[in-house]
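Text of the file my_file-v4.cif, holding mmCIF, C-alpha atoms and all ligand atoms:
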```cif
data_structure
#
loop_
_atom_site.label_atom_id
_atom_site.label_comp_id
_atom_site.auth_asym_id
_atom_site.auth_seq_id
_atom_site.Cartn_x
_atom_site.Cartn_y
_atom_site.Cartn_z
CA MET A 964 44.21 -1.68 60.16
CA ARG A 965 43.53 -0.08 56.78
CA LEU A 966 39.98 0.15 55.40
CA ALA A 967 39.02 1.91 52.17
CA ARG A 968 35.84 3.96 52.58
CA LEU A 969 33.74 6.14 50.36
CA HIS A 970 33.56 9.64 51.83
CA GLY A 971 31.52 11.16 49.02
CA LEU A 972 31.06 10.88 45.29
CA GLU A 973 34.36 9.88 43.66
CA ASP A 974 36.07 10.31 47.02
CA LEU A 975 37.53 7.03 48.20
CA SER A 976 40.31 6.98 50.79
CA VAL A 977 42.20 4.41 52.81
CA ASP A 978 41.54 5.11 56.49
CA GLU A 979 43.16 3.75 59.63
CA VAL A 980 40.47 2.05 61.77
CA ALA A 981 40.42 -0.29 64.78
CA PRO A 982 39.90 -3.96 63.81
CA ARG A 983 36.54 -5.40 64.91
CA PRO A 984 36.56 -8.00 67.67
CA VAL A 985 35.78 -11.61 66.78
CA ARG A 986 32.50 -12.67 68.40
CA PRO A 987 30.88 -16.10 68.78
CA GLY A 988 30.05 -17.54 65.36
CA THR A 989 32.38 -15.18 63.48
CA VAL A 990 35.90 -15.43 62.09
CA ARG A 991 38.61 -12.95 61.17
CA ILE A 992 40.03 -13.16 57.67
CA ASP A 993 43.28 -11.50 56.60
CA ILE A 994 42.41 -10.32 53.11
CA GLU A 995 44.72 -11.19 50.22
CA TYR A 996 42.69 -9.86 47.27
CA CYS A 997 39.34 -8.17 46.78
CA GLY A 998 37.98 -7.71 43.27
CA VAL A 999 36.40 -4.43 42.18
CA CYS A 1000 32.79 -5.13 41.17
CA GLY A 1001 30.58 -3.08 38.84
CA SER A 1002 28.40 -2.31 41.87
CA ASP A 1003 31.42 -0.78 43.65
CA LEU A 1004 32.04 1.47 40.64
CA HIS A 1005 28.37 2.47 40.55
CA GLU A 1006 28.46 3.53 44.20
CA TYR A 1007 31.73 5.40 43.72
CA LYS A 1008 30.22 7.33 40.82
CA HIS A 1009 26.56 7.69 41.91
CA GLY A 1010 26.51 7.10 45.69
CA PRO A 1011 25.41 4.22 47.90
CA ALA A 1012 22.55 2.09 46.68
CA PRO A 1013 19.55 2.71 48.94
CA ILE A 1014 19.39 0.13 51.70
CA ARG A 1015 16.00 -0.90 52.99
CA ALA A 1016 15.78 -0.26 56.75
CA GLU A 1017 14.02 -3.56 57.45
CA ASP A 1018 17.01 -5.42 56.01
CA ARG A 1019 19.47 -4.03 58.47
CA GLU A 1020 19.11 -6.72 61.13
CA HIS A 1021 20.20 -9.32 58.57
CA ARG A 1022 23.30 -7.46 57.46
CA ILE A 1023 26.69 -8.69 58.44
CA PRO A 1024 27.64 -6.95 61.68
CA GLU A 1025 30.63 -5.19 60.21
CA SER A 1026 28.40 -3.28 57.83
CA GLU A 1027 27.05 -0.91 60.44
CA TRP A 1028 28.37 2.12 58.54
CA ASP A 1029 25.58 1.19 56.15
CA ASP A 1030 23.71 3.90 54.36
CA HIS A 1031 25.68 6.84 55.64
CA LEU A 1032 29.15 7.94 54.74
CA PRO A 1033 31.91 7.03 55.08
CA MET A 1034 30.84 3.74 53.55
CA PRO A 1035 33.06 0.67 53.14
CA MET A 1036 32.96 -1.40 49.94
CA GLY A 1037 34.40 -4.61 48.49
CA HIS A 1038 32.82 -8.08 48.57
CA GLU A 1039 34.78 -10.26 46.09
CA ILE A 1040 37.06 -11.38 48.87
CA VAL A 1041 39.71 -14.06 49.30
CA GLY A 1042 41.90 -14.37 52.35
CA THR A 1043 43.15 -16.53 55.20
CA VAL A 1044 41.31 -17.30 58.44
CA THR A 1045 43.41 -15.94 61.31
CA GLU A 1046 41.02 -15.95 64.29
CA ILE A 1047 38.02 -18.09 65.19
CA GLY A 1048 35.07 -17.17 67.42
CA ASP A 1049 33.39 -19.53 69.88
CA GLY A 1050 31.22 -22.22 68.35
CA VAL A 1051 32.81 -22.12 64.87
CA ASP A 1052 33.52 -25.51 63.31
CA ARG A 1053 33.19 -24.64 59.62
CA VAL A 1054 36.81 -23.51 59.17
CA VAL A 1055 40.12 -23.61 61.04
CA THR A 1056 42.88 -21.06 61.34
CA GLY A 1057 45.01 -21.05 58.19
CA ASP A 1058 42.20 -21.99 55.80
CA ARG A 1059 42.05 -19.92 52.63
CA VAL A 1060 38.45 -18.88 52.08
CA THR A 1061 36.26 -16.84 49.80
CA LEU A 1062 32.93 -15.36 50.93
CA CYS A 1063 29.43 -16.19 49.73
CA LEU A 1064 27.57 -13.18 51.05
CA ILE A 1065 23.93 -13.81 50.14
CA LEU A 1066 22.23 -13.68 53.55
CA PRO A 1067 18.60 -14.87 53.47
CA CYS A 1068 15.73 -13.79 55.77
CA ASP A 1069 14.70 -17.44 56.40
CA ASP A 1070 11.11 -16.27 56.66
CA CYS A 1071 9.68 -15.79 53.14
CA ARG A 1072 8.24 -18.32 50.64
CA TYR A 1073 11.46 -18.38 48.59
CA CYS A 1074 13.63 -19.12 51.61
CA ALA A 1075 11.15 -21.88 52.53
CA ASP A 1076 11.75 -23.36 49.05
CA GLY A 1077 15.54 -23.04 49.36
CA GLU A 1078 15.66 -20.34 46.67
CA TYR A 1079 17.67 -18.01 48.90
CA HIS A 1080 18.91 -15.80 46.06
CA LEU A 1081 15.26 -14.90 45.36
CA CYS A 1082 14.58 -14.04 49.04
CA GLU A 1083 12.15 -11.13 49.39
CA ARG A 1084 14.37 -9.53 52.01
CA ILE A 1085 17.71 -10.67 50.64
CA THR A 1086 20.74 -8.99 52.13
CA GLY A 1087 23.36 -8.77 49.45
CA PRO A 1088 26.98 -7.85 49.84
CA VAL A 1089 26.43 -4.07 49.67
CA ALA A 1090 28.70 -2.15 52.10
CA THR A 1091 30.85 -5.19 52.89
CA PRO A 1092 34.21 -3.82 54.11
CA GLY A 1093 36.40 -5.93 51.84
CA PHE A 1094 38.93 -3.34 50.65
CA ALA A 1095 40.83 -3.69 53.92
CA ASP A 1096 43.57 -5.58 55.72
CA SER A 1097 41.10 -7.85 57.49
CA ILE A 1098 37.38 -8.49 57.95
CA VAL A 1099 35.22 -10.20 60.57
CA VAL A 1100 32.30 -12.16 59.09
CA PRO A 1101 29.82 -14.86 60.17
CA ALA A 1102 31.62 -18.19 59.73
CA SER A 1103 28.61 -19.43 57.73
CA THR A 1104 29.55 -17.15 54.81
CA THR A 1105 32.98 -18.74 54.31
CA VAL A 1106 33.71 -21.23 51.52
CA VAL A 1107 37.08 -22.99 51.67
CA VAL A 1108 39.26 -22.57 48.56
CA PRO A 1109 40.91 -25.80 47.27
CA GLU A 1110 44.70 -25.79 47.47
CA ALA A 1111 45.09 -25.98 43.69
CA VAL A 1112 43.33 -22.62 43.21
CA SER A 1113 45.48 -19.47 43.44
CA ALA A 1114 44.28 -16.55 45.57
CA ARG A 1115 44.13 -14.42 42.40
CA HIS A 1116 41.68 -16.79 40.75
CA ALA A 1117 39.72 -17.50 43.93
CA ALA A 1118 38.99 -13.75 44.09
CA LEU A 1119 36.87 -14.29 40.94
CA THR A 1120 34.65 -16.97 42.50
CA GLU A 1121 31.71 -14.61 43.05
CA PRO A 1122 31.48 -13.09 39.52
CA LEU A 1123 32.14 -16.54 38.02
CA SER A 1124 29.27 -17.90 40.13
CA VAL A 1125 26.99 -15.21 38.69
CA ALA A 1126 28.14 -16.33 35.22
CA LEU A 1127 27.59 -20.03 35.98
CA HIS A 1128 24.08 -19.33 37.26
CA GLY A 1129 23.40 -17.58 33.95
CA VAL A 1130 24.66 -20.56 31.93
CA ARG A 1131 22.42 -22.87 33.98
CA GLN A 1132 19.38 -20.60 33.63
CA SER A 1133 19.89 -20.53 29.85
CA GLY A 1134 19.58 -24.32 29.70
CA LEU A 1135 22.73 -24.56 27.53
CA ARG A 1136 23.58 -28.10 26.45
CA ALA A 1137 26.72 -29.49 24.83
CA GLY A 1138 26.73 -28.73 21.11
CA ASP A 1139 24.58 -25.60 21.37
CA THR A 1140 25.64 -22.56 19.35
CA THR A 1141 25.92 -19.62 21.73
CA VAL A 1142 26.11 -15.83 21.42
CA ILE A 1143 27.10 -13.52 24.26
CA PHE A 1144 26.43 -9.79 24.18
CA GLY A 1145 28.92 -7.94 26.41
CA ALA A 1146 32.42 -9.07 27.44
CA GLY A 1147 32.67 -7.51 30.89
CA ALA A 1148 33.60 -9.78 33.80
CA ILE A 1149 30.26 -11.65 33.71
CA GLY A 1150 30.21 -12.01 29.90
CA LEU A 1151 33.80 -13.30 29.90
CA GLY A 1152 33.00 -15.76 32.68
CA ILE A 1153 30.09 -17.05 30.59
CA VAL A 1154 32.41 -17.53 27.60
CA GLY A 1155 34.76 -19.71 29.67
CA LEU A 1156 31.94 -21.67 31.28
CA ALA A 1157 30.01 -22.16 28.01
CA ALA A 1158 33.22 -23.48 26.40
CA ALA A 1159 33.76 -25.83 29.36
CA ALA A 1160 30.12 -26.98 29.05
CA GLY A 1161 30.68 -27.98 25.41
CA ALA A 1162 29.02 -25.07 23.61
CA ARG A 1163 29.72 -24.98 19.87
CA ASP A 1164 30.66 -21.82 17.98
CA ILE A 1165 30.70 -19.21 20.74
CA VAL A 1166 30.30 -15.70 19.30
CA VAL A 1167 30.82 -12.55 21.39
CA SER A 1168 29.55 -9.08 20.47
CA GLU A 1169 31.53 -6.35 22.26
CA PRO A 1170 32.55 -2.83 21.15
CA ARG A 1171 35.81 -2.62 23.15
CA ALA A 1172 38.87 -4.18 21.48
CA ALA A 1173 40.66 -5.37 24.65
CA ARG A 1174 37.49 -7.13 25.80
CA ARG A 1175 37.07 -8.85 22.43
CA GLU A 1176 40.65 -10.10 22.78
CA ALA A 1177 39.95 -11.34 26.31
CA ALA A 1178 36.84 -13.13 24.97
CA LEU A 1179 38.96 -15.00 22.40
CA ALA A 1180 41.43 -15.92 25.17
CA MET A 1181 38.53 -17.26 27.28
CA GLY A 1182 37.43 -19.57 24.45
CA ALA A 1183 35.23 -17.58 22.06
CA ASP A 1184 35.31 -18.84 18.45
CA ALA A 1185 34.51 -15.45 16.93
CA VAL A 1186 34.10 -11.87 18.08
CA VAL A 1187 32.27 -8.99 16.46
CA ASP A 1188 32.45 -5.23 16.98
CA PRO A 1189 28.77 -4.15 16.92
CA THR A 1190 29.76 -0.59 16.00
CA GLU A 1191 31.06 -1.94 12.68
CA THR A 1192 29.16 -5.15 11.97
CA ASP A 1193 25.52 -5.94 12.70
CA PRO A 1194 25.83 -8.81 15.19
CA VAL A 1195 22.37 -10.24 14.36
CA THR A 1196 23.23 -10.65 10.66
CA PHE A 1197 26.68 -11.99 11.55
CA VAL A 1198 25.26 -14.65 13.88
CA ARG A 1199 22.41 -15.66 11.55
CA GLU A 1200 24.86 -16.22 8.69
CA ARG A 1201 27.22 -18.31 10.83
CA THR A 1202 24.56 -20.42 12.49
CA ASP A 1203 22.03 -21.26 9.78
CA GLY A 1204 19.48 -18.72 10.92
CA GLY A 1205 20.30 -18.14 14.58
CA ALA A 1206 22.00 -19.47 17.71
CA ASP A 1207 20.52 -21.95 20.17
CA ILE A 1208 21.40 -19.89 23.25
CA THR A 1209 21.90 -16.12 23.49
CA ILE A 1210 23.03 -14.16 26.53
CA GLU A 1211 22.45 -10.48 27.33
CA ALA A 1212 25.21 -9.31 29.70
CA VAL A 1213 25.13 -5.56 29.01
CA GLY A 1214 21.85 -4.10 30.29
CA ARG A 1215 20.73 -2.01 27.32
CA SER A 1216 17.58 -2.02 25.20
CA GLU A 1217 19.53 -2.40 21.96
CA THR A 1218 21.53 -5.44 23.10
CA LEU A 1219 18.41 -7.12 24.51
CA THR A 1220 16.75 -6.90 21.10
CA GLN A 1221 19.94 -8.11 19.39
CA ALA A 1222 20.18 -11.03 21.81
CA ILE A 1223 16.60 -12.12 21.13
CA ARG A 1224 16.83 -11.68 17.34
CA SER A 1225 20.18 -13.47 16.98
CA GLY A 1226 18.60 -16.60 18.44
CA ALA A 1227 17.07 -19.30 16.23
CA TYR A 1228 13.34 -20.01 16.43
CA GLY A 1229 12.81 -21.84 19.70
CA SER A 1230 16.03 -20.43 21.21
CA THR A 1231 16.52 -19.17 24.75
CA THR A 1232 17.84 -15.75 25.75
CA ALA A 1233 19.15 -15.36 29.30
CA VAL A 1234 19.16 -11.81 30.69
CA LEU A 1235 22.00 -11.02 33.11
CA GLY A 1236 22.62 -7.34 32.35
CA VAL A 1237 21.56 -4.81 34.99
CA PHE A 1238 19.30 -2.28 33.27
CA VAL A 1239 19.33 1.34 34.42
CA GLU A 1240 16.55 2.22 31.99
CA GLU A 1241 13.54 0.44 30.56
CA ALA A 1242 14.06 -1.62 27.44
CA THR A 1243 11.72 -2.05 24.46
CA ILE A 1244 11.37 -5.32 22.58
CA HIS A 1245 8.95 -6.43 19.87
CA PRO A 1246 6.90 -9.19 21.55
CA ASN A 1247 6.36 -10.87 18.17
CA ASP A 1248 10.09 -11.70 18.19
CA VAL A 1249 9.26 -13.91 21.16
CA MET A 1250 5.75 -15.02 20.17
CA GLN A 1251 6.13 -15.93 16.50
CA ALA A 1252 9.55 -17.54 16.89
CA GLU A 1253 8.56 -19.36 20.09
CA ARG A 1254 11.65 -18.00 21.80
CA THR A 1255 12.10 -18.07 25.58
CA VAL A 1256 13.49 -15.13 27.59
CA VAL A 1257 14.72 -16.11 31.04
CA GLY A 1258 16.18 -14.04 33.88
CA SER A 1259 19.29 -14.85 35.90
CA PHE A 1260 20.06 -13.16 39.21
CA ALA A 1261 23.15 -13.69 41.36
CA PHE A 1262 23.74 -17.35 42.35
CA ARG A 1263 22.49 -19.94 44.80
CA GLY A 1264 23.68 -18.62 48.16
CA GLY A 1265 22.41 -18.66 51.70
CA HIS A 1266 22.10 -22.22 53.00
CA GLN A 1267 22.69 -23.46 49.42
CA ARG A 1268 26.22 -22.07 49.38
CA ASP A 1269 27.77 -25.54 49.67
CA ARG A 1270 25.59 -26.96 46.86
CA GLY A 1271 25.30 -23.95 44.57
CA GLU A 1272 27.64 -22.34 42.07
CA PHE A 1273 30.47 -21.46 44.51
CA PRO A 1274 31.79 -25.03 45.01
CA ALA A 1275 31.24 -25.84 41.32
CA VAL A 1276 33.27 -22.83 40.21
CA LEU A 1277 36.05 -23.58 42.71
CA GLU A 1278 36.23 -27.18 41.47
CA MET A 1279 36.46 -26.06 37.84
CA LEU A 1280 39.22 -23.59 38.77
CA ALA A 1281 41.04 -26.34 40.67
CA ASP A 1282 41.03 -28.92 37.88
CA GLY A 1283 41.81 -26.39 35.14
CA ARG A 1284 38.54 -26.66 33.20
CA LEU A 1285 38.19 -22.92 33.76
CA ASP A 1286 41.12 -20.50 33.40
CA PRO A 1287 39.96 -16.98 34.31
CA GLU A 1288 43.38 -15.33 33.88
CA PRO A 1289 42.31 -13.29 30.78
CA MET A 1290 39.61 -11.63 32.92
CA ILE A 1291 42.19 -10.01 35.24
CA SER A 1292 43.46 -6.77 33.73
CA ASP A 1293 45.72 -5.75 36.62
CA VAL A 1294 46.35 -5.83 40.39
CA HIS A 1295 46.60 -2.62 42.41
CA PRO A 1296 47.77 -2.28 46.02
CA LEU A 1297 45.15 -1.17 48.57
CA SER A 1298 47.03 2.12 49.00
CA GLU A 1299 46.26 2.94 45.34
CA ILE A 1300 42.63 1.84 45.29
CA GLU A 1301 41.32 5.16 43.98
CA THR A 1302 43.61 4.88 40.95
CA ALA A 1303 42.11 1.44 40.25
CA PHE A 1304 38.59 2.89 40.30
CA GLU A 1305 39.59 5.71 37.94
CA VAL A 1306 41.23 3.22 35.54
CA LEU A 1307 38.05 1.12 35.45
CA LEU A 1308 35.87 4.16 34.80
CA ASP A 1309 38.10 5.35 31.94
CA PRO A 1310 36.92 3.68 28.70
CA GLU A 1311 40.28 4.52 27.06
CA GLN A 1312 42.06 2.21 29.51
CA ASP A 1313 39.94 -0.82 28.54
CA ALA A 1314 40.29 -2.64 31.89
CA VAL A 1315 37.89 -5.51 32.69
CA LYS A 1316 38.52 -6.78 36.23
CA LEU A 1317 40.98 -5.26 38.69
CA LEU A 1318 42.00 -6.87 41.94
CA ILE A 1319 42.99 -4.91 45.02
CA GLU A 1320 45.84 -6.52 46.98
CA SER A 1321 45.83 -5.94 50.74
ZN ZN B 1 30.44 -8.50 42.73
ZN ZN B 2 13.64 -14.87 52.50
#
```
The structure given in the file should be rewritten as structure tokens.
Amino acid sequence: MRLARLHGLEDLSVDEVAPRPVRPGTVRIDIEYCGVCGSDLHEYKHGPAPIRAEDREHRIPESEWDDHLPMPMGHEIVGTVTEIGDGVDRVVTGDRVTLCLILPCDDCRYCADGEYHLCERITGPVATPGFADSIVVPASTTVVVPEAVSARHAALTEPLSVALHGVRQSGLRAGDTTVIFGAGAIGLGIVGLAAAAGARDIVVSEPRAARREAALAMGADAVVDPTETDPVTFVRERTDGGADITIEAVGRSETLTQAIRSGAYGSTTAVLGVFVEEATIHPNDVMQAERTVVGSFAFRGGHQRDRGEFPAVLEMLADGRLDPEPMISDVHPLSEIETAFEVLLDPEQDAVKLLIES
């Protein structure tokens, strides 16, 4: 079968490898689509994220290439179950599934409290071999996709679950004015989910034109180019002094400050951006205005996968409350995966989310 692997920096190739055998408790999935995640791009450009040795025993068995090259990638997976190991009763052959790949240690205080996404020894989806023809995974990671959801949209379940977790962490209620900084895949997901949740006057600040357009298509009421218009002034004028909920989905010092300052007194700012560098804020912006800054990481996975964001997102995709089509810029065949990565890394091309079709 084909498996895309990273052989070095900016060196991704589709290799011919032997399929893994299905063992007790595991299933084989023939992959239809796998979305390219920001973390995949980061590893392509800067190398594999360091993997803590003590985590290895919790990793999915197929990830044994781990922290040495060639390294497989791709975790935003949707496909069809084609083979079932002994003892599996969660799915049957022919089920379309997506994968919820937060694997908890089951041994720390957060796992004891059911907060598996906060697990001290969490094993995330790094080095999952999803850009491939098929994958063998523990059956426990599978989540069945409702028939009404297309494979294309089901491939977005994971990033949309990250977005939904952010909306929940922000405490957004129907009628709240909302500002989102950054219209990448997560920011756009938040736009769609905030609109579905009844947010009022959703404003998006985003420098790239195609992403501003996608934000409007996802349900934003107004967009602003922060290179031309100060988003804080823009939001304060529209919302009688500031929004109720503000979201940082960029990961930069400047946008964190803008997110806090565009909120009304007593507002909440949820931080979803991944910061490469430290950020500076003026604490008086929080103190004097009695604002709240709250973090949001991943989604409720592990043993919560059937009660967390995954089933909620799939239900909203099924009944049409959430239409993620504007998030998908293009679909590339597995054979042209490196082109897809180059397109995403080229700011001129303005792509948001690309799917790889196996
Ligand atoms: Zn992802
Ligand atoms: Zn744990």
Report as a PDB file with C-alpha atoms, in the coordinates of the input all protein, DNA and RNA residues lying within 8 Å of range 1295-1311 of chain A, evaluated on all atoms listed in the file, omitting residues in the same chain fewer than 3 positions from it.
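Contents of around23.pdb, freshly written:
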```pdb
ATOM      1  CA  ALA A 967      39.020   1.910  52.170  1.00  0.00           C
ATOM      2  CA  ASP A 974      36.070  10.310  47.020  1.00  0.00           C
ATOM      3  CA  LEU A 975      37.530   7.030  48.200  1.00  0.00           C
ATOM      4  CA  SER A 976      40.310   6.980  50.790  1.00  0.00           C
ATOM      5  CA  VAL A 977      42.200   4.410  52.810  1.00  0.00           C
ATOM      6  CA  VAL A 999      36.400  -4.430  42.180  1.00  0.00           C
ATOM      7  CA  LEU A1004      32.040   1.470  40.640  1.00  0.00           C
ATOM      8  CA  PHE A1094      38.930  -3.340  50.650  1.00  0.00           C
ATOM      9  CA  ALA A1095      40.830  -3.690  53.920  1.00  0.00           C
ATOM     10  CA  ALA A1314      40.290  -2.640  31.890  1.00  0.00           C
ATOM     11  CA  VAL A1315      37.890  -5.510  32.690  1.00  0.00           C
ATOM     12  CA  LYS A1316      38.520  -6.780  36.230  1.00  0.00           C
ATOM     13  CA  LEU A1317      40.980  -5.260  38.690  1.00  0.00           C
ATOM     14  CA  LEU A1318      42.000  -6.870  41.940  1.00  0.00           C
ATOM     15  CA  ILE A1319      42.990  -4.910  45.020  1.00  0.00           C
ATOM     16  CA  GLU A1320      45.840  -6.520  46.980  1.00  0.00           C
ATOM     17  CA  SER A1321      45.830  -5.940  50.740  1.00  0.00           C
TER      18      SER A1321
END
```
Selection within 7 Å of ligand ZN 1 (chain B) by all atoms listed in the file, output as a list in words: Cys1000, Gly1001, Ser1002, His1038, Glu1039, Glu1121 and Pro1122 of chain A
Surrounding residues of Asp1188 in chain A excluding itself and chain neighbours under 2 positions, 10 Å, only C-alpha atoms, as a list in words: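 Within the cut-off, the hits are Val1167, Ser1168, Glu1169, Pro1170, Arg1171, Ala1172, Arg1175, Val1186, Thr1190, Glu1191, Thr1192, Asp1193 and Pro1194 of chain A.
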Considering all atoms listed in the file, give me a table of residues in chain A that are at most 10 Å from ligand ZN 2 (chain B), with the closest atom pair and distance in Å for each, as a tab-separated table.
```
residue	atom	partner	partner_atom	distance
A:Leu1066	CA	B:ZN2	ZN	8.7
A:Pro1067	CA	B:ZN2	ZN	5.1
A:Cys1068	CA	B:ZN2	ZN	4.0
A:Asp1069	CA	B:ZN2	ZN	4.8
A:Asp1070	CA	B:ZN2	ZN	5.1
A:Cys1071	CA	B:ZN2	ZN	4.1
A:Arg1072	CA	B:ZN2	ZN	6.7
A:Tyr1073	CA	B:ZN2	ZN	5.7
A:Cys1074	CA	B:ZN2	ZN	4.3
A:Ala1075	CA	B:ZN2	ZN	7.4
A:Asp1076	CA	B:ZN2	ZN	9.4
A:Gly1077	CA	B:ZN2	ZN	9.0
A:Glu1078	CA	B:ZN2	ZN	8.2
A:Tyr1079	CA	B:ZN2	ZN	6.2
A:His1080	CA	B:ZN2	ZN	8.4
A:Leu1081	CA	B:ZN2	ZN	7.3
A:Cys1082	CA	B:ZN2	ZN	3.7
A:Glu1083	CA	B:ZN2	ZN	5.1
A:Arg1084	CA	B:ZN2	ZN	5.4
A:Ile1085	CA	B:ZN2	ZN	6.1
A:Thr1086	CA	B:ZN2	ZN	9.2
A:Gly1265	CA	B:ZN2	ZN	9.6
```
Expected file: the selected residues, C-alpha atoms, as a short mmCIF file (atom, residue, chain, number, x, y, z; two decimals), keeping the file's coordinate frame:
```cif
data_model
loop_
_atom_site.label_atom_id
_atom_site.label_comp_id
_atom_site.auth_asym_id
_atom_site.auth_seq_id
_atom_site.Cartn_x
_atom_site.Cartn_y
_atom_site.Cartn_z
CA LEU A 1066 22.23 -13.68 53.55
CA PRO A 1067 18.60 -14.87 53.47
CA CYS A 1068 15.73 -13.79 55.77
CA ASP A 1069 14.70 -17.44 56.40
CA ASP A 1070 11.11 -16.27 56.66
CA CYS A 1071 9.68 -15.79 53.14
CA ARG A 1072 8.24 -18.32 50.64
CA TYR A 1073 11.46 -18.38 48.59
CA CYS A 1074 13.63 -19.12 51.61
CA ALA A 1075 11.15 -21.88 52.53
CA ASP A 1076 11.75 -23.36 49.05
CA GLY A 1077 15.54 -23.04 49.36
CA GLU A 1078 15.66 -20.34 46.67
CA TYR A 1079 17.67 -18.01 48.90
CA HIS A 1080 18.91 -15.80 46.06
CA LEU A 1081 15.26 -14.90 45.36
CA CYS A 1082 14.58 -14.04 49.04
CA GLU A 1083 12.15 -11.13 49.39
CA ARG A 1084 14.37 -9.53 52.01
CA ILE A 1085 17.71 -10.67 50.64
CA THR A 1086 20.74 -8.99 52.13
CA GLY A 1265 22.41 -18.66 51.70
#
```
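Interatomic distance, CA of Leu1123 in chain A to CA of Ile1153 in chain A: 7.7 Å.
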Measure the distance from CA of Pro1109 in chain A to CA of Val990 in chain A in Å and round it to one decimal.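 So the answer is 18.8 Å.
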